[in-house]
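Asks: Enclosed is the structure file protein_5.cif (mmCIF, C-alpha atoms).
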```cif
data_target
loop_
_atom_site.label_atom_id
_atom_site.label_comp_id
_atom_site.auth_asym_id
_atom_site.auth_seq_id
_atom_site.Cartn_x
_atom_site.Cartn_y
_atom_site.Cartn_z
CA MET A 1 253.89 58.42 84.00
CA LYS A 2 251.89 56.26 81.71
CA LYS A 3 252.22 52.52 82.05
CA LEU A 4 253.78 50.96 79.01
CA LEU A 5 253.01 47.51 77.71
CA LEU A 6 255.58 46.63 75.08
CA LEU A 7 254.70 43.75 72.84
CA PHE A 8 256.30 42.26 69.83
CA SER A 9 255.32 39.50 67.47
CA THR A 10 257.30 38.01 64.65
CA VAL A 11 255.73 35.96 61.89
CA LEU A 12 256.95 34.74 58.51
CA PHE A 13 255.60 36.32 55.34
CA PHE A 14 253.52 38.93 57.04
CA GLY A 15 251.33 36.52 59.01
CA LEU A 16 250.13 37.94 62.31
CA PHE A 17 247.87 35.84 64.51
CA SER A 18 246.57 36.02 68.06
CA ALA A 19 247.34 32.92 70.06
CA GLN A 20 244.21 30.96 70.88
CA ARG A 21 243.74 29.28 74.22
CA LYS A 22 243.25 25.58 73.72
CA ASP A 23 242.02 25.08 77.30
CA LYS A 24 239.20 27.64 77.18
CA ASP A 25 236.03 26.49 78.90
CA TYR A 26 233.07 26.50 76.51
CA SER A 27 230.71 24.53 78.77
CA ASN A 28 228.28 27.48 79.00
CA ILE A 29 228.76 28.79 75.48
CA LEU A 30 225.10 28.18 74.53
CA LYS A 31 224.12 30.88 77.04
CA SER A 32 226.60 33.39 75.67
CA LYS A 33 225.49 36.69 74.17
CA ASN A 34 229.04 37.82 73.45
CA ILE A 35 230.05 38.05 69.78
CA TYR A 36 233.76 37.61 70.45
CA GLU A 37 233.26 34.60 72.73
CA ILE A 38 231.02 32.82 70.21
CA ASN A 39 233.46 33.63 67.42
CA ALA A 40 236.26 32.08 69.47
CA PHE A 41 234.16 28.95 70.02
CA LEU A 42 233.43 28.60 66.31
CA ARG A 43 237.16 28.88 65.56
CA ASP A 44 238.20 26.35 68.21
CA ALA A 45 235.38 23.79 68.25
CA HIS A 46 235.40 20.48 66.41
CA PRO A 47 233.74 20.71 62.96
CA ASP A 48 231.06 18.20 64.05
CA ASP A 49 230.20 19.90 67.34
CA PRO A 50 226.38 20.16 67.34
CA ARG A 51 226.48 23.53 69.11
CA ARG A 52 227.73 25.10 65.88
CA SER A 53 224.28 24.82 64.29
CA VAL A 54 222.86 27.00 67.07
CA LEU A 55 225.68 29.47 67.60
CA LYS A 56 226.65 30.31 64.04
CA PRO A 57 223.25 31.78 63.06
CA ARG A 58 223.02 33.45 66.46
CA VAL A 59 226.32 35.29 66.12
CA MET A 60 225.45 36.32 62.55
CA GLU A 61 222.21 37.90 63.76
CA MET A 62 224.10 39.62 66.58
CA MET A 63 226.56 41.07 64.05
CA LYS A 64 223.74 42.31 61.81
CA GLU A 65 222.06 43.98 64.78
CA TYR A 66 225.35 45.60 65.85
CA ILE A 67 225.89 47.02 62.35
CA LYS A 68 222.29 48.27 62.20
CA THR A 69 222.61 50.27 65.44
CA ALA A 70 226.26 51.35 65.11
CA ARG A 71 227.33 54.96 64.77
CA PRO A 72 228.77 56.07 61.39
CA GLU A 73 232.28 56.50 62.85
CA ASP A 74 232.32 53.09 64.57
CA GLN A 75 235.56 51.37 63.51
CA LYS A 76 234.17 47.90 64.37
CA VAL A 77 231.56 47.98 61.59
CA LYS A 78 234.02 47.07 58.84
CA GLN A 79 235.36 44.19 60.92
CA MET A 80 231.82 42.89 61.56
CA GLN A 81 231.00 43.09 57.85
CA GLU A 82 234.14 41.14 56.96
CA GLN A 83 233.31 38.50 59.57
CA LEU A 84 229.75 38.20 58.30
CA ALA A 85 231.04 37.65 54.78
CA LEU A 86 233.33 34.88 56.06
CA LEU A 87 230.55 33.21 58.04
CA LYS A 88 228.32 33.12 54.95
CA ARG A 89 230.99 31.10 53.15
CA ARG A 90 232.50 28.94 55.89
CA PRO A 91 231.96 27.48 59.39
CA SER A 92 233.87 30.23 61.23
CA THR A 93 235.83 33.47 60.86
CA LYS A 94 239.13 31.64 61.16
CA ILE A 95 241.55 32.68 58.42
CA SER A 96 244.35 30.38 57.33
CA PHE A 97 248.01 31.36 57.50
CA ASP A 98 248.23 31.58 53.70
CA GLU A 99 245.05 33.66 53.45
CA MET A 100 246.32 36.17 56.00
CA ASN A 101 249.65 36.37 54.21
CA ALA A 102 247.91 37.11 50.92
CA ILE A 103 245.65 39.78 52.44
CA ILE A 104 248.53 41.66 54.08
CA LYS A 105 250.70 41.36 50.98
CA GLN A 106 247.97 42.77 48.72
CA LYS A 107 247.38 45.68 51.12
CA GLN A 108 251.08 46.48 51.03
CA ILE A 109 251.18 46.34 47.23
CA ALA A 110 248.16 48.65 46.99
CA LYS A 111 249.71 51.10 49.46
CA TYR A 112 253.06 51.38 47.68
CA ASN A 113 251.47 51.50 44.23
CA ALA A 114 249.41 54.47 45.42
CA GLU A 115 252.55 56.17 46.74
CA LEU A 116 254.39 55.53 43.49
CA GLN A 117 251.59 57.19 41.52
CA ALA A 118 251.40 60.10 43.97
CA LYS A 119 255.21 60.46 43.78
CA GLN A 120 255.33 61.01 47.54
CA SER A 121 254.67 59.29 50.83
CA LEU A 122 251.01 59.23 51.81
CA VAL A 123 251.81 58.71 55.49
CA VAL A 124 250.38 61.43 57.71
CA TYR A 125 252.38 61.90 60.90
CA THR A 126 253.39 64.42 63.54
CA PRO A 127 257.10 65.37 63.34
CA SER A 128 259.10 64.15 66.31
CA SER A 129 259.97 66.13 69.39
CA ALA A 130 261.24 64.96 72.76
CA LYS A 131 257.60 64.79 73.86
CA ASN A 132 256.50 62.18 71.32
CA VAL A 133 259.66 60.10 71.57
CA TYR A 134 259.21 59.55 75.29
CA VAL A 135 255.93 59.31 77.15
CA THR A 136 257.25 60.21 80.56
CA ASN A 137 256.88 62.69 83.43
CA THR A 138 258.42 66.14 83.71
CA SER A 139 261.03 64.96 86.23
CA ALA A 140 262.94 62.96 83.62
CA ALA A 141 266.70 63.09 83.92
CA ALA A 142 268.72 65.43 81.72
CA SER A 143 270.35 62.48 79.96
CA THR A 144 266.90 61.19 79.00
CA THR A 145 266.02 64.54 77.47
CA VAL A 146 269.23 64.52 75.41
CA ILE A 147 268.45 61.03 74.09
CA ALA A 148 264.89 62.06 73.26
CA ASP A 149 266.06 65.17 71.41
CA THR A 150 268.61 63.14 69.44
CA GLU A 151 266.05 60.47 68.51
CA ALA A 152 263.55 63.14 67.46
CA GLU A 153 266.07 64.90 65.23
CA GLU A 154 267.14 61.63 63.60
CA PHE A 155 263.51 60.52 63.06
CA ASN A 156 262.66 63.78 61.29
CA MET A 157 265.76 63.48 59.12
CA LEU A 158 264.88 59.90 58.10
CA MET A 159 261.31 60.89 57.23
CA SER A 160 262.42 63.88 55.15
CA VAL A 161 263.48 62.00 52.02
CA SER A 162 263.55 63.55 48.58
CA PRO A 163 260.98 62.50 45.94
CA THR A 164 263.71 60.59 44.09
CA GLU A 165 264.78 58.71 47.23
CA HIS A 166 261.17 57.89 48.03
CA LYS A 167 260.53 56.61 44.50
CA ASN A 168 263.62 54.40 44.56
CA LYS A 169 262.68 52.94 47.94
CA THR A 170 259.07 52.34 46.84
CA VAL A 171 260.16 50.55 43.65
CA GLN A 172 262.56 48.40 45.68
CA ILE A 173 259.82 47.42 48.14
CA LEU A 174 257.34 46.61 45.35
CA ASN A 175 259.92 44.47 43.58
CA SER A 176 260.50 42.58 46.83
CA LEU A 177 256.74 42.09 47.38
CA PHE A 178 256.40 40.57 43.89
CA ASP A 179 259.57 38.49 44.21
CA ASN A 180 258.76 34.86 45.05
CA ASP A 181 262.27 33.54 44.37
CA PRO A 182 263.46 31.64 47.50
CA MET A 183 267.06 32.06 46.30
CA SER A 184 266.86 35.85 46.46
CA LYS A 185 269.52 37.43 48.70
CA GLU A 186 267.12 40.10 49.95
CA CYS A 187 263.69 40.21 51.53
CA ILE A 188 261.30 42.69 53.05
CA VAL A 189 260.82 43.58 56.72
CA LEU A 190 257.58 45.25 57.79
CA ILE A 191 257.49 47.14 61.09
CA GLN A 192 254.13 47.96 62.67
CA ASN A 193 254.26 50.73 65.28
CA LYS A 194 251.18 50.43 67.52
CA SER A 195 252.54 52.85 70.12
CA ASP A 196 251.75 56.51 70.78
CA CYS A 197 255.33 57.52 69.92
CA ASN A 198 257.38 57.93 66.76
CA ILE A 199 260.14 55.32 66.71
CA ILE A 200 263.33 54.37 64.88
CA VAL A 201 263.98 50.64 64.48
CA ARG A 202 267.66 49.81 64.07
CA MET A 203 268.76 46.54 62.47
CA GLU A 204 272.42 45.64 62.88
CA GLY A 205 273.83 42.68 60.96
CA ILE A 206 277.31 41.29 60.38
CA GLY A 207 280.09 43.80 59.82
CA THR A 208 278.87 47.13 58.52
CA THR A 209 275.42 45.89 57.49
CA LYS A 210 272.99 48.27 59.22
CA TYR A 211 269.53 49.63 58.52
CA ARG A 212 267.43 52.36 60.16
CA LEU A 213 263.69 52.59 59.69
CA ALA A 214 261.59 55.50 60.97
CA VAL A 215 258.02 54.46 61.79
CA PRO A 216 255.46 57.10 62.85
CA ALA A 217 253.10 56.43 65.75
CA HIS A 218 250.20 54.13 64.86
CA ASN A 219 251.64 53.48 61.42
CA GLU A 220 253.84 51.03 59.59
CA SER A 221 256.82 51.06 57.27
CA SER A 222 258.91 48.57 55.30
CA VAL A 223 262.52 48.12 54.31
CA VAL A 224 264.31 45.65 52.05
CA VAL A 225 267.30 44.01 53.79
CA THR A 226 269.97 41.47 53.00
CA LYS A 227 269.08 38.09 54.48
CA GLY A 228 270.99 37.18 57.62
CA ASP A 229 271.15 37.57 61.41
CA TYR A 230 270.24 40.91 62.94
CA LEU A 231 269.95 42.63 66.29
CA PHE A 232 266.77 44.74 66.31
CA THR A 233 266.70 47.65 68.76
CA SER A 234 264.39 50.59 69.34
CA ILE A 235 263.11 53.03 71.95
CA VAL A 236 259.33 52.75 72.19
CA CYS A 237 257.88 55.55 74.31
CA GLY A 238 260.96 55.40 76.53
CA ALA A 239 261.09 51.60 76.80
CA GLN A 240 264.10 49.81 75.34
CA TYR A 241 263.31 47.09 72.82
CA ALA A 242 265.92 44.57 71.68
CA SER A 243 265.58 41.23 69.92
CA GLN A 244 267.75 38.97 67.77
CA LYS A 245 266.14 37.87 64.52
CA THR A 246 267.27 35.61 61.71
CA ILE A 247 265.80 36.90 58.46
CA GLN A 248 265.50 34.37 55.67
CA LYS A 249 261.90 35.10 54.65
CA PRO A 250 259.74 38.23 54.67
CA LEU A 251 259.19 39.27 58.25
CA MET A 252 256.78 41.40 60.24
CA VAL A 253 257.55 42.85 63.66
CA ALA A 254 254.84 44.61 65.65
CA LEU A 255 255.86 47.00 68.41
CA GLY A 256 253.11 48.49 70.47
CA SER A 257 252.07 50.15 73.67
CA SER A 258 248.99 50.40 75.74
CA ALA A 259 249.23 53.50 77.86
CA LYS A 260 246.93 54.34 80.73
CA LYS A 261 247.18 57.05 83.31
#
```
Take the structure in the file and give it back as structure tokens.
Replies:
Amino acid sequence: MKKLLLLFSTVLFFGLFSAQRKDKDYSNILKSKNIYEINAFLRDAHPDDPRRSVLKPRVMEMMKEYIKTARPEDQKVKQMQEQLALLKRRPSTKISFDEMNAIIKQKQIAKYNAELQAKQSLVVYTPSSAKNVYVTNTSAAASTTVIADTEAEEFNMLMSVSPTEHKNKTVQILNSLFDNDPMSKECIVLIQNKSDCNIIVRMEGIGTTKYRLAVPAHNESSVVVTKGDYLFTSIVCGAQYASQKTIQKPLMVALGSSAKK
């Protein structure tokens, strides 16, 4: 059975940041040949730290050399290019909360505009079966198999929307992305599925207020909900996820797994 690491992060207005260690030891940073370590130093160090004048040009040269020798399919090249562009304009690759919000929002707008023009979802996914709902061994209990089959059937049903339904949902999401009115009664929730399994995220509010969102493996999806208090639940590769969330502003929730044999 694969080991599952379930993580979740919640940030307002689509901001998603990795926590930085404030106690990291940079005493030997001038000897470092590690791009990520030097990047972390440049993000954390005081603006007047004299080591910046040595390490910034060093890490930029390291990035250029990495790009020069990288294979065409290397996914890190784009990230290195973006970081180089940032370093040419500023002291580090650190992106502000507002900048990250704007980047993610614009990517979402571009995605849903493309889907609206195509008149269909552009998400490529593998339809669910018990196998890609649960990452588990063959000795799973019968009850587990029943749950997996039920989840798979429901996921496929939720993904099989008509062109009209898809258009209506896409228009609703785009309207929410462009809506900056703090008095609005609705807002958008973005779910990122970083796991190897198709999932359904269930959001239960007060009374009969409920939402279901199918999110394919290694993909993301959005839904517009009424502001309020919700219980979020899901099955992520067999692991139960549950969290209470108060939604008053646009929200992103990332669910992911790191599976190793």
Asks: For Tyr241 in chain A, please output as a PyMOL selection string all residues within 9 Å (counting only C-alpha atoms; exclusion window: fewer than 4 positions along the same chain).
Replies: chain A and resi 6+232-236+255
Asks: Looking at only C-alpha atoms, which of A:Gln108, A:Asn219, A:Asn198, A:Ser162 is the one that sits closest to Leu174 in chain A?
Replies: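 For Leu174 in chain A, the nearest of the candidates is A:Gln108.
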Asks: Starting from the PyMOL selection byres ((chain A and resi 154) around 12), expand the selection into actual residues of this file and give them as a count of residues only.
Replies: 27
Asks: If you apply the PyMOL selection byres ((chain A and resi 54-69) around 8) to this file, what residues do you get, as a list in words?
Replies: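 What the PyMOL selection byres ((chain A and resi 54-69) around 8) grabs from the file is Leu30, Ile35, Ile38, Asn39, Leu42, Pro50, Arg51, Arg52, Ser53, Ala70, Arg71, Val77, Met80, Gln81, Leu84, Leu87, Pro91 and Ser92 of chain A.
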Asks: Using all atoms listed in the file, find the one residue out of A:Ala45, A:Met203, A:Cys197, A:Val123 that sits nearest to Lys227 in chain A.
Replies: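 Answer, going by the shortest atom-to-atom distance: A:Met203.
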Asks: Could you check the closest approach to Glu186 in chain A for each of A:Leu86, A:Ile173, A:Leu122, A:Leu231 and tell me which residue wins, using only C-alpha atoms?
Replies: A:Ile173
Asks: The residues within 9 Å of (266.1, 35.3, 62.3), using all atoms listed in the file and the coordinates of the file, should be reported as a PyMOL selection string; which are they?
Replies: chain A and resi 227-230+244-249+251
Asks: Between A:Ala85, A:Ala110, A:Ala239, A:Ile191, single out the one closest to Phe178 in chain A, counting all atoms listed in the file.
Replies: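 Going through A:Ala85, A:Ala110, A:Ala239, A:Ile191 one by one, the smallest distance to Phe178 in chain A is for A:Ala110.
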Asks: What does the distance from CA of Val225 in chain A to CA of Pro182 in chain A come to in Å, to one decimal?
Replies: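 Separating CA of Val225 in chain A from CA of Pro182 in chain A is a distance of 14.4 Å.
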Asks: Which residue gives the smallest distance to Asp44 in chain A among A:Thr93, A:Thr170, A:Ser243, A:Gln120, with all atoms listed in the file counted?
Replies: A:Thr93
Asks: So how many Å separate CA of Ser96 in chain A and CA of Ile188 in chain A, to one decimal?
Replies: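 Distance reported for this atom pair: 21.4 Å.
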Asks: What's the separation between CA of Ser121 in chain A and CA of Gln75 in chain A, in Å to one decimal place?
Replies: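 Between these atoms lies a distance of 24.3 Å.
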Asks: With all atoms listed in the file as the counted atoms, please give the residues lying no more than 10 Å from Gln172 in chain A, apart from itself and same-chain residues fewer than 5 positions off, as a PDB file with C-alpha atoms, keeping the file's coordinate frame.
Replies:
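Contents of around.pdb, freshly written:
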```pdb
ATOM      1  CA  HIS A 166     261.170  57.890  48.030  1.00  0.00           C
ATOM      2  CA  LYS A 167     260.530  56.610  44.500  1.00  0.00           C
ATOM      3  CA  LEU A 177     256.740  42.090  47.380  1.00  0.00           C
ATOM      4  CA  ILE A 188     261.300  42.690  53.050  1.00  0.00           C
ATOM      5  CA  VAL A 223     262.520  48.120  54.310  1.00  0.00           C
ATOM      6  CA  VAL A 224     264.310  45.650  52.050  1.00  0.00           C
TER       7      VAL A 224
END
```
Asks: For Glu115 in chain A, which residue among A:Gln83, A:Asn168, A:Asn180, A:Thr209 is the nearest when counting all atoms listed in the file?
Replies: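 For Glu115 in chain A, the nearest of the candidates is A:Asn168.
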